[in-house]
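Here is structure_32.txt, consisting of compact mmCIF, C-alpha atoms:
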# COMPACT_ATOMS: atom_id res chain seq x y z
CA MET A 73 -36.29 -11.29 1.37
CA PRO A 74 -36.09 -11.71 5.16
CA LEU A 75 -33.23 -10.36 7.27
CA THR A 76 -33.08 -12.54 10.36
CA PRO A 77 -30.62 -12.93 13.26
CA THR A 78 -28.92 -15.64 11.18
CA GLY A 79 -28.43 -13.41 8.15
CA LEU A 80 -30.06 -12.32 4.90
CA THR A 81 -31.82 -14.79 2.61
CA VAL A 82 -33.21 -14.01 -0.84
CA PRO A 83 -35.35 -16.13 -3.21
CA THR A 84 -33.78 -17.79 -6.21
CA TYR A 85 -34.94 -17.15 -9.78
CA ALA A 86 -37.07 -20.31 -9.70
CA GLU A 87 -38.64 -19.30 -6.39
CA SER A 88 -39.42 -15.79 -7.67
CA LEU A 89 -40.93 -17.19 -10.85
CA ALA A 90 -43.13 -19.56 -8.84
CA GLU A 91 -44.35 -16.68 -6.66
CA ILE A 92 -45.23 -14.58 -9.71
CA HIS A 93 -47.08 -17.49 -11.32
CA ALA A 94 -49.04 -18.01 -8.09
CA ALA A 95 -49.96 -14.31 -7.95
CA ILE A 96 -51.18 -14.31 -11.56
CA ARG A 97 -53.27 -17.42 -10.99
CA ALA A 98 -54.80 -15.84 -7.87
CA SER A 99 -55.71 -12.63 -9.72
CA PRO A 100 -59.35 -12.46 -10.90
CA ALA A 101 -58.37 -9.87 -13.53
CA LEU A 102 -55.58 -11.98 -15.04
CA ASN A 103 -57.14 -15.41 -14.51
CA PRO A 104 -60.93 -14.95 -14.50
CA ASN A 105 -61.75 -18.51 -15.61
CA GLY A 106 -58.87 -20.27 -13.84
CA ARG A 107 -57.26 -21.41 -17.08
CA VAL A 108 -54.48 -18.85 -17.63
CA LEU A 109 -51.49 -20.10 -19.64
CA LEU A 110 -48.05 -19.40 -18.12
CA ASP A 111 -45.73 -21.49 -20.28
CA GLU A 112 -42.76 -19.97 -22.14
CA THR A 113 -44.82 -19.39 -25.27
CA SER A 114 -47.58 -17.34 -23.62
CA VAL A 115 -47.48 -13.57 -23.18
CA LEU A 116 -48.00 -13.71 -19.41
CA GLY A 117 -45.46 -16.53 -19.12
CA VAL A 118 -42.79 -14.49 -20.93
CA ILE A 119 -43.55 -11.39 -18.85
CA ALA A 120 -43.39 -13.45 -15.63
CA ALA A 121 -40.00 -14.85 -16.64
CA ILE A 122 -38.66 -11.35 -17.40
CA VAL A 123 -39.84 -10.00 -14.05
CA ALA A 124 -38.41 -13.01 -12.19
CA SER A 125 -35.08 -12.48 -13.93
CA LYS A 126 -35.00 -8.83 -12.86
CA HIS A 127 -35.89 -9.88 -9.31
CA ALA A 128 -32.94 -12.27 -9.35
CA GLU A 129 -30.57 -9.49 -10.48
CA LEU A 130 -31.88 -7.21 -7.74
CA ASN A 131 -31.51 -9.96 -5.15
CA GLU A 132 -27.91 -10.55 -6.20
CA LEU A 133 -27.24 -6.83 -5.77
CA VAL A 134 -28.83 -6.84 -2.31
CA LEU A 135 -26.68 -9.82 -1.30
CA ALA A 136 -23.55 -8.09 -2.61
CA VAL A 137 -24.34 -4.93 -0.65
CA TYR A 138 -25.02 -6.99 2.47
CA ALA A 139 -21.76 -8.93 2.03
CA SER A 140 -19.77 -5.73 1.52
CA ALA A 141 -20.33 -4.78 5.15
CA TYR A 142 -18.19 -7.68 6.39
CA LYS A 143 -14.45 -8.17 6.03
CA ALA A 144 -14.69 -11.86 5.19
CA SER A 145 -17.01 -11.32 2.22
CA ALA A 146 -16.29 -7.75 1.04
CA GLU A 147 -14.24 -7.40 -2.13
CA GLY A 148 -12.44 -4.67 -4.03
CA ASP A 149 -13.60 -1.12 -3.26
CA ALA A 150 -15.94 -2.32 -0.51
CA LEU A 151 -13.05 -4.01 1.28
CA ASP A 152 -10.94 -0.85 0.85
CA ALA A 153 -13.69 1.14 2.56
CA LEU A 154 -13.76 -1.27 5.51
CA ALA A 155 -9.97 -1.20 5.78
CA ALA A 156 -9.98 2.59 5.87
CA LEU A 157 -12.10 2.49 9.04
CA ILE A 158 -9.09 1.12 10.95
CA GLY A 159 -6.48 3.16 9.10
CA VAL A 160 -5.41 0.46 6.62
CA VAL A 161 -4.74 1.24 2.96
CA ARG A 162 -4.32 -1.44 0.31
CA ALA A 163 -0.66 -1.60 -0.78
CA ALA A 164 -0.35 -0.18 -4.27
CA ALA A 165 1.43 -1.87 -7.14
CA ALA A 166 5.10 -0.91 -7.48
CA SER A 167 7.54 -1.13 -10.37
CA SER A 168 10.79 -3.07 -10.29
CA THR A 169 13.88 -0.87 -10.05
CA THR A 170 17.50 -1.19 -11.05
CA ASP A 171 20.77 0.74 -11.28
CA LEU A 172 21.82 1.43 -14.86
CA SER A 173 25.50 1.94 -15.60
CA PHE A 174 26.45 4.11 -18.59
CA THR A 175 29.61 4.74 -20.59
CA GLY A 176 30.18 7.59 -22.98
CA THR A 177 31.65 11.03 -23.53
CA ASP A 178 32.42 13.16 -20.48
CA GLY A 179 29.83 15.85 -19.89
CA THR A 180 27.02 13.90 -21.55
CA ILE A 181 23.76 14.48 -19.68
CA ILE A 182 21.36 11.55 -19.44
CA PRO A 183 18.04 13.10 -18.42
CA SER A 184 15.34 11.61 -16.24
CA GLY A 185 12.86 9.76 -18.42
CA THR A 186 15.46 8.25 -20.77
CA ARG A 187 14.33 4.80 -21.89
CA PHE A 188 16.22 1.52 -22.23
CA SER A 189 15.21 -2.11 -22.68
CA ASP A 190 16.11 -5.74 -22.36
CA ALA A 191 16.77 -7.17 -25.81
CA GLU A 192 14.56 -10.17 -24.99
CA ARG A 193 11.47 -8.21 -23.85
CA THR A 194 10.03 -5.73 -26.32
CA ASP A 195 6.99 -5.08 -24.11
CA LEU A 196 9.07 -3.68 -21.24
CA GLU A 197 11.20 -0.56 -20.89
CA TRP A 198 13.41 0.74 -18.09
CA ILE A 199 13.09 4.47 -17.49
CA THR A 200 15.57 6.60 -15.55
CA VAL A 201 14.11 8.50 -12.60
CA GLU A 202 17.02 10.91 -12.15
CA THR A 203 19.29 13.03 -14.33
CA VAL A 204 22.98 12.11 -14.33
CA THR A 205 26.12 13.34 -16.10
CA ILE A 206 28.89 11.12 -17.42
CA VAL A 207 32.14 11.85 -15.58
CA ALA A 208 35.39 10.03 -16.31
CA GLY A 209 33.54 8.02 -18.91
CA VAL A 210 30.86 6.56 -16.64
CA ALA A 211 27.62 7.36 -14.81
CA VAL A 212 25.00 5.44 -12.82
CA ALA A 213 21.27 6.22 -12.55
CA ASP A 214 18.25 4.70 -10.87
CA ALA A 215 15.61 3.37 -13.27
CA GLN A 216 12.23 1.72 -12.94
CA ALA A 217 10.22 -0.65 -15.10
CA SER A 218 7.52 0.80 -17.34
CA ILE A 219 5.00 -1.65 -15.89
CA THR A 220 4.28 -2.53 -12.28
CA GLY A 221 4.75 -5.89 -10.66
CA PRO A 222 7.69 -8.18 -9.84
CA VAL A 223 9.36 -7.81 -13.24
CA ALA A 224 12.74 -9.53 -13.48
CA ALA A 225 15.87 -8.30 -15.27
CA ASN A 226 18.98 -10.33 -14.68
CA ALA A 227 22.34 -8.62 -14.45
CA GLY A 228 23.69 -7.56 -17.83
CA THR A 229 20.41 -7.92 -19.74
CA ILE A 230 19.41 -4.25 -20.10
CA GLU A 231 21.65 -3.20 -22.95
CA LYS A 232 19.44 -1.54 -25.59
CA ILE A 233 19.18 2.27 -25.79
CA ILE A 234 15.64 3.32 -26.77
CA THR A 235 15.93 7.09 -26.28
CA PRO A 236 18.91 8.39 -28.31
CA VAL A 237 21.34 10.50 -26.28
CA ALA A 238 24.30 12.07 -28.05
CA GLY A 239 27.51 10.98 -26.31
CA LEU A 240 25.97 7.91 -24.68
CA THR A 241 27.77 4.76 -25.82
CA THR A 242 26.58 1.81 -23.75
CA VAL A 243 24.18 0.90 -20.95
CA THR A 244 23.88 -2.14 -18.70
CA ASN A 245 22.51 -3.20 -15.34
CA VAL A 246 25.39 -4.56 -13.29
CA ALA A 247 23.03 -6.35 -10.87
CA ASP A 248 19.61 -7.98 -11.00
CA ALA A 249 16.64 -5.64 -10.85
CA ARG A 250 14.97 -5.20 -7.47
CA ALA A 251 11.55 -6.78 -7.85
CA GLY A 252 8.42 -4.64 -7.62
CA ARG A 253 5.03 -5.95 -6.53
CA ASP A 254 1.46 -6.36 -7.76
CA ILE A 255 -1.35 -4.50 -6.03
CA GLN A 256 -2.22 -6.13 -2.73
CA THR A 257 -4.83 -8.86 -3.08
CA ASP A 258 -8.08 -8.95 -1.13
CA GLU A 259 -6.83 -11.97 0.81
CA SER A 260 -3.61 -10.23 1.77
CA LEU A 261 -5.47 -7.04 2.71
CA ARG A 262 -7.76 -9.00 5.02
CA GLN A 263 -4.71 -10.47 6.72
CA THR A 264 -3.21 -7.00 7.13
CA MET A 265 -6.46 -5.82 8.70
CA ASP A 266 -6.36 -8.73 11.14
CA ASP A 267 -2.72 -8.11 12.00
CA LEU A 268 -3.27 -4.44 12.73
CA LEU A 269 -6.70 -4.60 14.31
CA TYR A 270 -5.70 -7.01 17.04
CA ALA A 271 -2.21 -5.66 17.70
CA VAL A 272 -1.50 -3.62 20.83
CA GLY A 273 -1.74 0.03 19.87
CA SER A 274 -3.14 -0.95 16.49
CA GLY A 275 -4.80 2.42 15.92
CA THR A 276 -1.47 4.27 15.76
CA THR A 277 0.74 1.58 14.27
CA GLY A 278 -1.92 0.68 11.72
CA ALA A 279 -2.19 4.27 10.52
CA ILE A 280 1.59 4.59 10.25
CA ARG A 281 2.00 1.33 8.39
CA SER A 282 -0.81 2.10 5.97
CA ALA A 283 0.65 5.52 5.23
CA VAL A 284 4.12 4.06 4.69
CA LEU A 285 2.81 1.34 2.36
CA ALA A 286 1.04 4.02 0.34
CA VAL A 287 4.32 5.89 -0.32
CA PRO A 288 5.37 5.40 -3.97
CA GLY A 289 8.14 2.84 -4.31
CA VAL A 290 7.60 1.18 -0.92
CA LEU A 291 7.61 -2.58 -1.24
CA GLU A 292 7.18 -3.62 2.37
CA GLY A 293 6.99 -2.12 5.83
CA PHE A 294 5.95 -2.78 9.40
CA VAL A 295 5.91 -0.89 12.69
CA PHE A 296 7.04 -1.68 16.22
CA GLU A 297 5.69 0.37 19.11
CA ASN A 298 7.21 0.53 22.58
CA VAL A 299 4.73 2.04 25.02
CA ALA A 300 6.76 0.99 28.06
CA ASP A 301 9.06 3.17 30.18
CA ALA A 302 12.15 1.15 29.29
CA THR A 303 13.91 0.04 26.12
CA ASN A 304 12.36 -3.20 24.89
CA SER A 305 14.01 -6.43 23.75
CA PHE A 306 14.14 -5.17 20.15
CA GLY A 307 16.19 -2.15 21.19
CA VAL A 308 13.35 0.35 20.67
CA PRO A 309 13.56 3.14 23.28
CA PRO A 310 10.58 3.89 25.54
CA HIS A 311 7.62 5.70 23.95
CA ASN A 312 9.03 5.31 20.45
CA VAL A 313 7.97 3.65 17.24
CA GLU A 314 10.32 1.94 14.83
CA VAL A 315 9.28 1.68 11.20
CA VAL A 316 11.17 -0.90 9.16
CA VAL A 317 10.59 -0.13 5.47
CA ASP A 318 11.94 -1.34 2.15
CA GLY A 319 11.78 1.18 -0.71
CA GLY A 320 10.41 4.71 -1.02
CA LEU A 321 12.10 8.12 -1.03
CA ASP A 322 13.42 9.40 2.30
CA GLU A 323 11.50 12.69 2.27
CA ASP A 324 8.21 10.95 1.45
CA LEU A 325 8.70 8.42 4.23
CA ALA A 326 9.57 11.09 6.78
CA GLN A 327 6.40 13.04 6.07
CA ALA A 328 4.18 9.94 6.01
CA ILE A 329 5.47 8.79 9.40
CA TYR A 330 5.23 12.24 10.98
CA ASP A 331 1.68 12.84 9.70
CA ASN A 332 0.42 9.57 11.19
CA LYS A 333 2.33 9.01 14.44
CA ALA A 334 0.85 9.99 17.78
CA ALA A 335 1.82 13.40 19.12
CA GLY A 336 4.78 13.19 21.48
CA THR A 337 5.88 9.77 20.23
CA GLY A 338 9.50 9.46 19.20
CA THR A 339 10.81 7.67 16.13
CA TYR A 340 13.71 5.23 16.31
CA SER A 341 16.17 3.86 13.76
CA ALA A 342 18.40 0.86 14.29
CA THR A 343 20.19 1.55 10.99
CA GLY A 344 20.74 5.31 11.17
CA ASP A 345 18.16 6.15 8.49
CA GLY A 346 16.00 9.25 8.64
CA ASP A 347 15.08 12.59 7.10
CA TRP A 348 13.17 15.78 7.82
CA ALA A 349 9.41 16.21 7.84
CA VAL A 350 7.57 19.53 8.00
CA ASP A 351 5.10 20.17 10.84
CA ILE A 352 1.95 22.30 10.78
CA ASN A 353 3.99 25.40 11.62
CA GLY A 354 6.38 24.84 8.74
CA GLU A 355 9.22 23.75 11.04
CA ASP A 356 11.54 20.85 10.22
CA VAL A 357 11.13 17.76 12.38
CA ALA A 358 13.65 14.91 12.41
CA ILE A 359 12.03 11.55 11.70
CA ASN A 360 13.86 8.22 11.92
CA TRP A 361 13.17 4.76 10.58
CA SER A 362 15.09 1.58 9.84
CA ARG A 363 15.96 0.08 6.48
CA PRO A 364 16.14 -3.72 6.22
CA ILE A 365 19.59 -5.12 6.91
CA ASP A 366 20.57 -6.91 3.72
CA VAL A 367 21.76 -10.50 4.02
CA LEU A 368 23.19 -11.81 0.75
CA ILE A 369 22.10 -15.37 0.02
CA TRP A 370 23.71 -17.97 -2.21
CA VAL A 371 21.62 -20.80 -3.62
CA TYR A 372 22.97 -24.09 -4.98
CA VAL A 373 20.68 -26.08 -7.26
CA GLU A 374 20.95 -29.41 -9.08
CA ILE A 375 18.61 -30.05 -12.00
CA GLU A 376 18.11 -33.25 -13.95
CA THR A 377 16.76 -32.67 -17.46
CA ASN A 378 15.47 -34.70 -20.36
CA GLY A 379 16.26 -33.09 -23.68
CA ASP A 380 17.43 -29.63 -24.64
CA ASN A 381 18.84 -27.83 -21.60
CA THR A 382 20.14 -24.70 -23.35
CA THR A 383 18.13 -22.26 -21.24
CA VAL A 384 17.48 -24.31 -18.13
CA SER A 385 20.32 -22.83 -16.09
CA ASP A 386 19.52 -19.16 -16.79
CA ASP A 387 15.77 -19.63 -16.47
CA SER A 388 16.18 -21.48 -13.19
CA LYS A 389 18.41 -18.75 -11.79
CA THR A 390 15.84 -16.12 -12.73
CA ALA A 391 13.00 -18.08 -11.09
CA ALA A 392 14.96 -18.75 -7.91
CA ALA A 393 16.12 -15.14 -7.54
CA ALA A 394 12.63 -13.75 -8.19
CA PHE A 395 11.08 -16.04 -5.59
CA GLY A 396 13.77 -15.32 -3.00
CA ASN A 397 13.47 -11.56 -3.35
CA GLU A 398 9.74 -11.78 -2.61
CA LEU A 399 10.43 -13.16 0.88
CA ALA A 400 9.30 -10.76 3.57
CA ILE A 401 11.59 -8.88 5.91
CA GLY A 402 12.58 -11.30 8.68
CA ALA A 403 11.30 -14.35 6.77
CA LYS A 404 13.22 -17.59 7.14
CA VAL A 405 14.97 -18.82 3.99
CA ARG A 406 13.80 -22.39 3.49
CA ARG A 407 15.66 -24.29 0.80
CA SER A 408 12.68 -26.54 -0.04
CA ARG A 409 10.57 -23.53 -1.05
CA PHE A 410 12.77 -22.84 -4.09
CA ILE A 411 11.99 -26.12 -5.82
CA HIS A 412 8.45 -25.29 -6.97
CA PRO A 413 9.24 -21.86 -8.57
CA ILE A 414 11.99 -23.51 -10.62
CA GLU A 415 9.78 -26.42 -11.66
CA VAL A 416 6.92 -24.22 -12.86
CA VAL A 417 8.86 -21.52 -14.72
CA SER A 418 7.26 -21.64 -18.17
CA SER A 419 10.43 -21.94 -20.22
CA VAL A 420 11.82 -24.84 -18.20
CA THR A 421 9.77 -27.62 -19.78
CA ASN A 422 12.20 -30.51 -19.75
CA VAL A 423 13.04 -30.71 -16.04
CA LEU A 424 12.77 -34.14 -14.43
CA ARG A 425 14.02 -33.27 -10.96
CA VAL A 426 15.01 -30.17 -9.01
CA GLY A 427 17.09 -30.38 -5.88
CA VAL A 428 17.99 -27.27 -3.89
CA SER A 429 20.82 -28.77 -1.90
CA LYS A 430 21.96 -25.64 -0.09
CA VAL A 431 21.10 -22.06 0.78
CA ASP A 432 24.02 -20.21 2.26
CA ALA A 433 24.54 -16.78 3.78
CA ALA A 434 28.33 -16.92 3.67
CA GLY A 435 29.02 -17.98 0.10
CA ALA A 436 31.60 -20.43 1.37
CA LEU A 437 30.16 -23.60 -0.16
CA ALA A 438 31.85 -24.31 -3.48
CA ALA A 439 29.77 -25.17 -6.51
CA ALA A 440 31.40 -28.60 -6.57
CA ASN A 441 30.02 -29.38 -3.11
CA LEU A 442 26.34 -29.40 -3.94
CA ASP A 443 25.71 -32.25 -1.55
CA GLY A 444 26.83 -30.16 1.41
CA ALA A 445 24.83 -30.07 4.63
CA ALA A 446 21.38 -28.62 3.99
CA ALA A 447 20.33 -25.89 6.34
CA ASP A 448 17.65 -23.23 6.29
CA ILE A 449 18.64 -19.68 7.25
CA VAL A 450 16.91 -17.78 10.04
CA MET A 451 16.65 -14.01 9.56
CA ALA A 452 16.48 -11.52 12.41
CA PHE A 453 13.32 -9.40 12.33
CA ARG A 454 15.11 -6.44 10.67
CA GLU A 455 17.02 -8.57 8.17
CA LYS A 456 16.03 -9.04 4.55
CA ALA A 457 17.35 -11.91 2.44
CA ARG A 458 18.65 -10.64 -0.90
CA PHE A 459 19.11 -12.83 -3.94
CA SER A 460 20.89 -12.36 -7.27
CA THR A 461 21.32 -14.62 -10.25
CA ALA A 462 25.05 -14.01 -9.83
CA ARG A 463 24.87 -15.85 -6.49
CA ILE A 464 22.86 -18.81 -7.75
CA THR A 465 24.74 -21.88 -8.99
CA VAL A 466 22.86 -24.37 -11.15
CA ALA A 467 24.32 -27.78 -11.98
CA VAL A 468 22.47 -29.36 -14.93
CA VAL A 469 22.85 -33.14 -15.09

Have the structure of the file written as structure tokens, please.
Amino acid sequence: MPLTPTGLTVPTYAESLAEIHAAIRASPALNPNGRVLLDETSVLGVIAAIVASKHAELNELVLAVYASAYKASAEGDALDALAALIGVVRAAAASSTTDLSFTGTDGTIIPSGTRFSDAERTDLEWITVETVTIVAGVAVADAQASITGPVAANAGTIEKIITPVAGLTTVTNVADARAGRDIQTDESLRQTMDDLLYAVGSGTTGAIRSAVLAVPGVLEGFVFENVADATNSFGVPPHNVEVVVDGGLDEDLAQAIYDNKAAGTGTYSATGDGDWAVDINGEDVAINWSRPIDVLIWVYVEIETNGDNTTVSDDSKTAAAAFGNELAIGAKVRRSRFIHPIEVVSSVTNVLRVGVSKVDAAGALAAANLDGAAADIVMAFREKARFSTARITVAVV
């Protein structure tokens, strides 16, 4: 099992077994007459095979431990440990969220933890995260999915009351749910480590970004640092950091940023967002950050089908909206990227052709003009493309 300048090498099972056989044959005690039997039916042959198998298991463990010391080959917990050395934390899974609209008797209290569901998904519930009271017949509350990940709920689909509340008449989600995320993959975490390790000032910005991504409910975030003595081209003042973050509670974000920024560094917001953190002396400290600037996107799709097309339109809208809402802050909206998610959605089985003829940030293109000029949409670095099934037109032909 040599460790050389070119790396670690270990014997295979066959090589270990051959070495054990050679040692037995060379042993006067085990092979006094030179005619020892080592086939699979002999006692020594079976023992040799067992020992070689255990050697192979141990060698695999040694290789795994060796590999865990390097970013390219480490996985899971080992990769998390390496990331922590440069202040990076794997982004946790987050639940999808939505705004639930209620009707009912005035004064009715709908407590946090009240459960609702989509009539089509019995495995998923939507749980309120705040307590609200019906006033003038209506109320609105934030809710999150009972499971993590990018769970979809199109507008108007959450209509079933699971937890009975006296005085509550109806519930619905007036807009599509905001998609959550799965736990960050090893591949994505390695890319984050690369991005932060080689960035200017990566020690500080990496720690801030990792802390922000670890805040419950945060879906995405990044950090700009201006170490110069003048405002930079992004509008960040000198000796300030700007955190652009999607999701998370204000108070949690403020504390995470304060706890991880360098002493004496200011915090900047291009959108007027901020809250108070508490310093080591118990004093309030104003912390600022930017929220993504929402850009509403319309998508126009033409689908050719062969057979029953009852659900093609709705399923295609759901797939397109889910894909679009996973685009990163500042990511360009490319119309060609929407074709594949629509083609592979499991319930759309009779699609012959998908054509995304237009993505539009103005909503000016009429549904009848699906052959309008095709153009991708460039987002500014603080802008976030937002999609809704209500803004997706599907023409089934």

- Query: Once you count all atoms listed in the file, which residues end up no further than 9 Å from (3.8, -1.6, -18.2) in the file's frame, shown as a PyMOL selection string?
  - Reply: chain A and resi 167+195-197+217-221

- Determine the nearest neighbour of Pro364 in chain A from the options A:Ser388, A:Thr343, A:Thr383, A:Ser408, counting only C-alpha atoms. A:Thr343

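Around the point (18.7, -2.7, -11.0), within 9 Å and counting only C-alpha atoms, we find these residues: Ser168, Thr169, Thr170, Asp171, Leu172, Asp214, Ala215, Gln216, Ala225, Asn226, Ala227, Asn245, Val246, Ala247, Asp248, Ala249, Arg250 and Ala251 of chain A.
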
- Task: Find, counting all atoms listed in the file, the residue in A:Gly344, A:Val160, A:Thr377, A:Ile182 that gets nearest to Val284 in chain A.
- Result: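 Using all atoms listed in the file, the shortest distance to Val284 in chain A belongs to A:Val160.
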
- Message: Nearest residue to Ser362 in chain A out of A:Pro310, A:Pro413, A:Gly427, A:Gly293, using only C-alpha atoms?
- Response: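 That would be A:Gly293, the residue with the smallest distance to Ser362 in chain A.
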
- Query: So which one's closest to Ala163 in chain A, A:Arg425, A:Arg281, A:Lys456, A:His311? Using all atoms listed in the file, please.
  - Reply: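 Closest residue, counting all atoms listed in the file: A:Arg281.
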
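With distances taken over all atoms listed in the file, A:Arg454 is the one residue among A:Arg454, A:Arg97, A:Val426, A:Met265 lying closest to Glu314 in chain A.
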
Starting from 8 Å padding per side, set up an axis-aligned box that covers all listed atoms of range 275-291 of chain A and hand over centre and edge lengths in Å, one decimal, as lines of an AutoDock Vina configuration file.
center_x = 1.7
center_y = 1.7
center_z = 5.8
size_x = 28.9
size_y = 24.5
size_z = 36.2

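Going from CA of Ile206 in chain A over to CA of Ile234 in chain A, you cover 18.0 Å.
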
- Out of A:Ala101, A:Val223, A:Ile233, A:Ala155, which residue has the shortest atom-to-atom distance to Ala191 in chain A when counting all atoms listed in the file?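 Checking each candidate against Ala191 in chain A, we get A:Ile233 as the closest.
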
Give me, as a tab-separated table (two decimals) with C-alpha atoms, keeping the file's coordinate frame, all polymer residues having an atom no more than 8 Å from Ala391 in chain A, counting all atoms listed in the file and skipping those fewer than 4 positions away in the same chain.
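Dumped to out.tsv:
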chain	number	residue	atom	x	y	z
A	387	ASP	CA	15.77	-19.63	-16.47
A	395	PHE	CA	11.08	-16.04	-5.59
A	413	PRO	CA	9.24	-21.86	-8.57
A	414	ILE	CA	11.99	-23.51	-10.62
A	417	VAL	CA	8.86	-21.52	-14.72

- Atom-to-atom span, CA of Phe188 in chain A and CA of Gly239 in chain A, Å: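 If I compute the distance from CA of Phe188 in chain A to CA of Gly239 in chain A, I get 15.3 Å.
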
- When you draw a straight line from CA of Arg253 in chain A to CA of Ala165 in chain A, how long is it in Å?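 Answer for the CA of Arg253 in chain A to CA of Ala165 in chain A separation: 5.5 Å.
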
- Who sits within 12 Å of range 304-306 of chain A, all atoms listed in the file, same chain under 3 positions skipped, as a PyMOL selection string: chain A and resi 295-301+309-314+340-342+452-454

- Identify, on the basis of only C-alpha atoms, every residue whose closest approach to Asp366 in chain A does not exceed 8 Å; exclude the query and any residue fewer than 6 positions from it along the same chain; express the result as number ranges by chain. A: 455-458

- Do you know which residues are at most 8 Å from Ala394 in chain A counting all atoms listed in the file, after dropping those on the same chain fewer than 4 positions away, and could you put them as a PyMOL selection string? chain A and resi 222+224+251+390+398+459

Write out, as a PDB file, in the coordinates of the input, the residues just selected, with C-alpha atoms.
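For reference, result07.pdb as written:
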ATOM      1  CA  PRO A 222       7.690  -8.180  -9.840  1.00  0.00           C
ATOM      2  CA  ALA A 224      12.740  -9.530 -13.480  1.00  0.00           C
ATOM      3  CA  ALA A 251      11.550  -6.780  -7.850  1.00  0.00           C
ATOM      4  CA  THR A 390      15.840 -16.120 -12.730  1.00  0.00           C
ATOM      5  CA  GLU A 398       9.740 -11.780  -2.610  1.00  0.00           C
ATOM      6  CA  PHE A 459      19.110 -12.830  -3.940  1.00  0.00           C
TER       7      PHE A 459
END

- Message: Env of Ser140 in chain A: 12 Å cut, atoms = only C-alpha atoms, seq-sep filter 3 positions within chain, self excluded. Answer as a ChimeraX atom specification.
- Response: /A:133-137,143-155

Output range 456-468 of chain A as a PDB file, in the coordinates of the input, making sure N, CA and C atoms are there.
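Final output, saved to selection17.pdb:
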ATOM      1  N   LYS A 456      16.721  -8.737   5.800  1.00  0.00           N
ATOM      2  CA  LYS A 456      16.030  -9.040   4.550  1.00  0.00           C
ATOM      3  C   LYS A 456      16.969  -9.867   3.673  1.00  0.00           C
ATOM      4  N   ALA A 457      16.549 -11.064   3.313  1.00  0.00           N
ATOM      5  CA  ALA A 457      17.350 -11.910   2.440  1.00  0.00           C
ATOM      6  C   ALA A 457      17.340 -11.331   1.031  1.00  0.00           C
ATOM      7  N   ARG A 458      18.525 -11.195   0.446  1.00  0.00           N
ATOM      8  CA  ARG A 458      18.650 -10.640  -0.900  1.00  0.00           C
ATOM      9  C   ARG A 458      19.264 -11.687  -1.823  1.00  0.00           C
ATOM     10  N   PHE A 459      18.678 -11.808  -2.996  1.00  0.00           N
ATOM     11  CA  PHE A 459      19.110 -12.830  -3.940  1.00  0.00           C
ATOM     12  C   PHE A 459      19.502 -12.182  -5.264  1.00  0.00           C
ATOM     13  N   SER A 460      20.437 -12.804  -5.952  1.00  0.00           N
ATOM     14  CA  SER A 460      20.890 -12.360  -7.270  1.00  0.00           C
ATOM     15  C   SER A 460      21.230 -13.576  -8.096  1.00  0.00           C
ATOM     16  N   THR A 461      20.960 -13.498  -9.387  1.00  0.00           N
ATOM     17  CA  THR A 461      21.320 -14.620 -10.250  1.00  0.00           C
ATOM     18  C   THR A 461      22.820 -14.874 -10.227  1.00  0.00           C
ATOM     19  N   ALA A 462      23.600 -13.830  -9.908  1.00  0.00           N
ATOM     20  CA  ALA A 462      25.050 -14.010  -9.830  1.00  0.00           C
ATOM     21  C   ALA A 462      25.454 -14.883  -8.647  1.00  0.00           C
ATOM     22  N   ARG A 463      24.563 -15.044  -7.665  1.00  0.00           N
ATOM     23  CA  ARG A 463      24.870 -15.850  -6.490  1.00  0.00           C
ATOM     24  C   ARG A 463      24.090 -17.165  -6.478  1.00  0.00           C
ATOM     25  N   ILE A 464      23.589 -17.555  -7.639  1.00  0.00           N
ATOM     26  CA  ILE A 464      22.860 -18.810  -7.750  1.00  0.00           C
ATOM     27  C   ILE A 464      23.629 -19.730  -8.706  1.00  0.00           C
ATOM     28  N   THR A 465      24.008 -20.889  -8.210  1.00  0.00           N
ATOM     29  CA  THR A 465      24.740 -21.880  -8.990  1.00  0.00           C
ATOM     30  C   THR A 465      23.787 -23.006  -9.383  1.00  0.00           C
ATOM     31  N   VAL A 466      23.723 -23.307 -10.657  1.00  0.00           N
ATOM     32  CA  VAL A 466      22.860 -24.370 -11.150  1.00  0.00           C
ATOM     33  C   VAL A 466      23.716 -25.425 -11.840  1.00  0.00           C
ATOM     34  N   ALA A 467      23.639 -26.650 -11.343  1.00  0.00           N
ATOM     35  CA  ALA A 467      24.320 -27.780 -11.980  1.00  0.00           C
ATOM     36  C   ALA A 467      23.285 -28.579 -12.750  1.00  0.00           C
ATOM     37  N   VAL A 468      23.412 -28.625 -14.078  1.00  0.00           N
ATOM     38  CA  VAL A 468      22.470 -29.360 -14.930  1.00  0.00           C
ATOM     39  C   VAL A 468      23.070 -30.716 -15.244  1.00  0.00           C
TER      40      VAL A 468
END
